[in-house]
Amino acid sequence: MRETWVVAAASNRYGKMKESGREAATRVAWEAIERSGLAPKDIGYTFVSNAFGVAERQAHVGPLINTSLGIPDVPSCTIESACSSSSAGLHEAFVHVAGGFADAALVVGVEKLSHLDTLASTSYFAMGADYAFETKNGATFPGLYATLADAYQHAFRTQPEMFGSIAIKNHANAALNPHAQFRKPISLDTYLNSPIIASPLRLYDCCPFSDGAAAVVVAAKEFVRTPKTEPLVIRASARSGSIGDMHDRPDLLGLPATRTAAEKAFRQAKMEPKDIDFLEVHDCFTIAEALALEDLGFYPRGSAARESLEGSTALHGRLPVNPSGGLKAKGHPVSATGAGQVVEIFEQFNGLAGARAVPKADTALAHNVGATGSSCSVHIFSRR
Amino acid sequence: MTATWSLACPRCGEARLGEIDLSGRGRIVAYTVQNVPGDEFLNEAPYAYVIVELEEGGRITGWMPTVRREEDLAIGDRVRFSTSYKPGVQFVKDVPGVE
């Protein structure tokens, strides 16, 4: 396997896009390629993620993006893995480049749903779950994570303030991030007084619906030679799955795919959790951030929400988690989210994170979940 | 043991599966009361979405139109199938002596 780098990454500001998904995807891809010092013609494969492209009456968007980048002869395909789509795309790019099938590859994720109403968006989001055995029986997507939160609070006797602290921390970080949808800190009162969406989840436990686009350029070390940026060495690119229906899993106190993907990733990287300086984890709901930190091996079961309340995961805490603001506050444009996490790590490594710079950024881990954990990607990066 | 459509056991991969009849009774493993419904439950909110451990083993999900507040249900409560006017699985509380 060849040493493989992320040589650049770029994204737009999450929230509401005026332009089409295809235009936004092309624009961030162009910016990422330009930042990398490579030329569009260096790209050997484009992996596009756009799970809800049909909401814009568009499928097969890869050739349109490549054409607008001036590289119509470059192969492309669409990679769909619900909310973990573009980290799955990054994994495919890694496999191609590390395996010698391409010298450089482009990963781009994009989503646009803001032209739909809340009801239609809620229904699109639920499509990552099992229609026949979950959605048809009444589950919404927040409802599924709410059952995880219910099981967690029952098992570990947590207080709402613990989950509130996760939301408050991620909003504080997002306030410092120009890419973020929400740039306003929130207070504990705001959190506690927000309406219940699906008990015990309040509005401020939930990530928003977001439009957004993010792109990552991956290249072989031997191909790049003298990088224009501080590259992220891809030390591990691991994916895993778990039983599709949450209720059929042995327990509800974690996501098995996170545990198995993390085991694979740490083994590949020859690293341990203590070697990681900061994390971008999948916090579609506050409960998801707590579960992620436990499943990844950073905290014992039942303790992550408590650690958050104590400030351990804050920007200047022992282990900064989601300096970008996470899905919770930076936003969650489904198929762009995985690539967007890499944008944050790229900016942290390259001194571009401004006021949200973490104290130490030599290693980082990105964790991206598809649906309720039936898919999961874990990537580990380090400096050269 | 699974109540979800499958050709092999989701936990162990065993493909020699048998079928059993269910009593329709079980206990709540986890639940949520949803105030924001999906498009097929538009006029039903608030209602509970529940994960139920069946008496025979195995788990199934369903909805409970009569549970409108978080405090109206608890983990461990007994429930049973009921006829539903929706395509999905519907549960009601299983109160001993009440049909």
# chains A, B, ... in the order shown; residues from 1 in each chain; ligands from 1
call {"tool": "interface_residues", "arguments": {"of": "chain B", "to": "chain A", "cutoff": "7 Å", "atoms": "only C-alpha atoms", "output": "PyMOL selection string"}}
result
chain B and resi 2+4+10+30-39+41+49+51+59-63+70+87-89
call {"tool": "residues_around", "arguments": {"residues": "Ala98 (chain A)", "least_positions_apart": "4", "cutoff": "12 Å", "atoms": "only C-alpha atoms", "output": "list of chain:residue names"}}
result
A:Met1, A:Arg2, A:Glu3, A:Thr4, A:Trp5, A:Val6, A:Leu90, A:His91, A:Glu92, A:Ala93, A:Phe94, A:Ala102, A:Asp103, A:Ala104, A:Ala105, A:Val218, A:Ala219, A:Ala220, A:Lys221, A:Glu222, A:Phe223, A:Val233, A:Ile234, A:Arg235, A:Ala236, A:Ser237
call {"tool": "residues_around", "arguments": {"residues": "region 179-191 of chain A", "least_positions_apart": "6", "cutoff": "7 Å", "atoms": "only C-alpha atoms", "output": "PyMOL selection string"}}
result
chain A and resi 12-15+164+168+171-172+204+329-331
call {"tool": "select_by_dssp", "arguments": {"residues": "region 174-280 of chain A", "states": "alpha helix (DSSP H)", "output": "VMD selection string"}}
result
chain A and resid 174 188 to 192 221 to 224 256 to 269
call {"tool": "write_last_selection", "arguments": {"atoms": "N, CA, C and O atoms", "output": "short mmCIF file (atom, residue, chain, number, x, y, z; two decimals), in the first residue's frame"}}
result
data_model
loop_
_atom_site.label_atom_id
_atom_site.label_comp_id
_atom_site.auth_asym_id
_atom_site.auth_seq_id
_atom_site.Cartn_x
_atom_site.Cartn_y
_atom_site.Cartn_z
N ALA A 174 -19.07 26.26 17.09
CA ALA A 174 -19.59 26.68 15.78
C ALA A 174 -19.60 28.20 15.64
O ALA A 174 -19.44 28.74 14.54
N LEU A 188 -27.79 27.22 28.88
CA LEU A 188 -28.47 26.05 29.42
C LEU A 188 -29.98 26.28 29.46
O LEU A 188 -30.77 25.37 29.16
N ASP A 189 -30.40 27.52 29.78
CA ASP A 189 -31.83 27.84 29.80
C ASP A 189 -32.46 27.64 28.43
O ASP A 189 -33.53 27.06 28.31
N THR A 190 -31.76 28.16 27.39
CA THR A 190 -32.27 28.00 26.03
C THR A 190 -32.44 26.51 25.71
O THR A 190 -33.45 26.09 25.15
N TYR A 191 -31.43 25.73 26.10
CA TYR A 191 -31.49 24.28 25.85
C TYR A 191 -32.67 23.66 26.58
O TYR A 191 -33.51 22.98 25.98
N LEU A 192 -32.75 23.90 27.89
CA LEU A 192 -33.78 23.23 28.71
C LEU A 192 -35.19 23.66 28.33
O LEU A 192 -36.13 22.89 28.46
N LYS A 221 1.64 9.97 -1.75
CA LYS A 221 2.83 10.73 -1.36
C LYS A 221 3.82 10.81 -2.50
O LYS A 221 4.36 11.86 -2.83
N GLU A 222 4.07 9.65 -3.16
CA GLU A 222 5.10 9.61 -4.22
C GLU A 222 4.69 10.42 -5.45
O GLU A 222 5.53 10.83 -6.23
N PHE A 223 3.38 10.67 -5.59
CA PHE A 223 2.89 11.46 -6.72
C PHE A 223 3.03 12.96 -6.43
O PHE A 223 3.40 13.74 -7.30
N VAL A 224 2.77 13.33 -5.18
CA VAL A 224 2.77 14.76 -4.82
C VAL A 224 4.20 15.27 -4.61
O VAL A 224 4.55 16.37 -5.00
N PRO A 256 -22.67 -0.76 17.52
CA PRO A 256 -21.63 -1.77 17.30
C PRO A 256 -20.68 -1.44 16.15
O PRO A 256 -19.48 -1.71 16.24
N ALA A 257 -21.21 -0.80 15.09
CA ALA A 257 -20.34 -0.50 13.94
C ALA A 257 -19.24 0.49 14.31
O ALA A 257 -18.14 0.44 13.75
N THR A 258 -19.53 1.39 15.24
CA THR A 258 -18.48 2.32 15.68
C THR A 258 -17.37 1.55 16.38
O THR A 258 -16.18 1.79 16.14
N ARG A 259 -17.78 0.60 17.25
CA ARG A 259 -16.78 -0.17 17.99
C ARG A 259 -15.88 -0.96 17.03
O ARG A 259 -14.66 -0.93 17.16
N THR A 260 -16.48 -1.63 16.06
CA THR A 260 -15.67 -2.48 15.17
C THR A 260 -14.85 -1.64 14.19
O THR A 260 -13.71 -2.00 13.88
N ALA A 261 -15.42 -0.53 13.72
CA ALA A 261 -14.64 0.34 12.81
C ALA A 261 -13.45 0.94 13.57
O ALA A 261 -12.34 1.06 13.03
N ALA A 262 -13.67 1.32 14.83
CA ALA A 262 -12.59 1.91 15.64
C ALA A 262 -11.49 0.88 15.89
O ALA A 262 -10.30 1.20 15.78
N GLU A 263 -11.90 -0.35 16.21
CA GLU A 263 -10.88 -1.40 16.42
C GLU A 263 -10.01 -1.57 15.19
O GLU A 263 -8.78 -1.62 15.27
N LYS A 264 -10.67 -1.65 14.02
CA LYS A 264 -9.92 -1.79 12.76
C LYS A 264 -8.99 -0.60 12.54
O LYS A 264 -7.83 -0.76 12.16
N ALA A 265 -9.51 0.60 12.79
CA ALA A 265 -8.74 1.82 12.50
C ALA A 265 -7.52 1.93 13.41
O ALA A 265 -6.41 2.22 12.93
N PHE A 266 -7.71 1.70 14.69
CA PHE A 266 -6.56 1.80 15.61
C PHE A 266 -5.51 0.73 15.29
O PHE A 266 -4.31 0.98 15.41
N ARG A 267 -5.98 -0.44 14.86
CA ARG A 267 -5.04 -1.51 14.48
C ARG A 267 -4.25 -1.09 13.24
O ARG A 267 -3.03 -1.20 13.20
N GLN A 268 -4.97 -0.57 12.23
CA GLN A 268 -4.30 -0.11 10.99
C GLN A 268 -3.27 0.96 11.29
O GLN A 268 -2.17 0.95 10.75
N ALA A 269 -3.65 1.91 12.13
CA ALA A 269 -2.79 3.07 12.40
C ALA A 269 -1.68 2.72 13.39
O ALA A 269 -0.75 3.51 13.57
#
call {"tool": "residues_around", "arguments": {"residues": "Leu106 (chain A)", "least_positions_apart": "2", "cutoff": "9 Å", "atoms": "only C-alpha atoms", "output": "count of residues only"}}
result
19
call {"tool": "select_by_dssp", "arguments": {"residues": "chain B", "states": "strand (DSSP E or B)", "output": "JSON, numbers by chain"}}
result
{"B": [25, 26, 27, 28, 29, 30, 31, 32, 33, 34, 47, 48, 49, 50, 51, 52, 53, 54, 59, 60, 61, 62, 63, 64, 78, 79, 80, 81, 82, 90, 91, 92, 93]}
call {"tool": "atom_distance", "arguments": {"atom1": "CA of Gly109 (chain A)", "atom2": "CA of Asn50 (chain A)"}}
result
6.0 Å
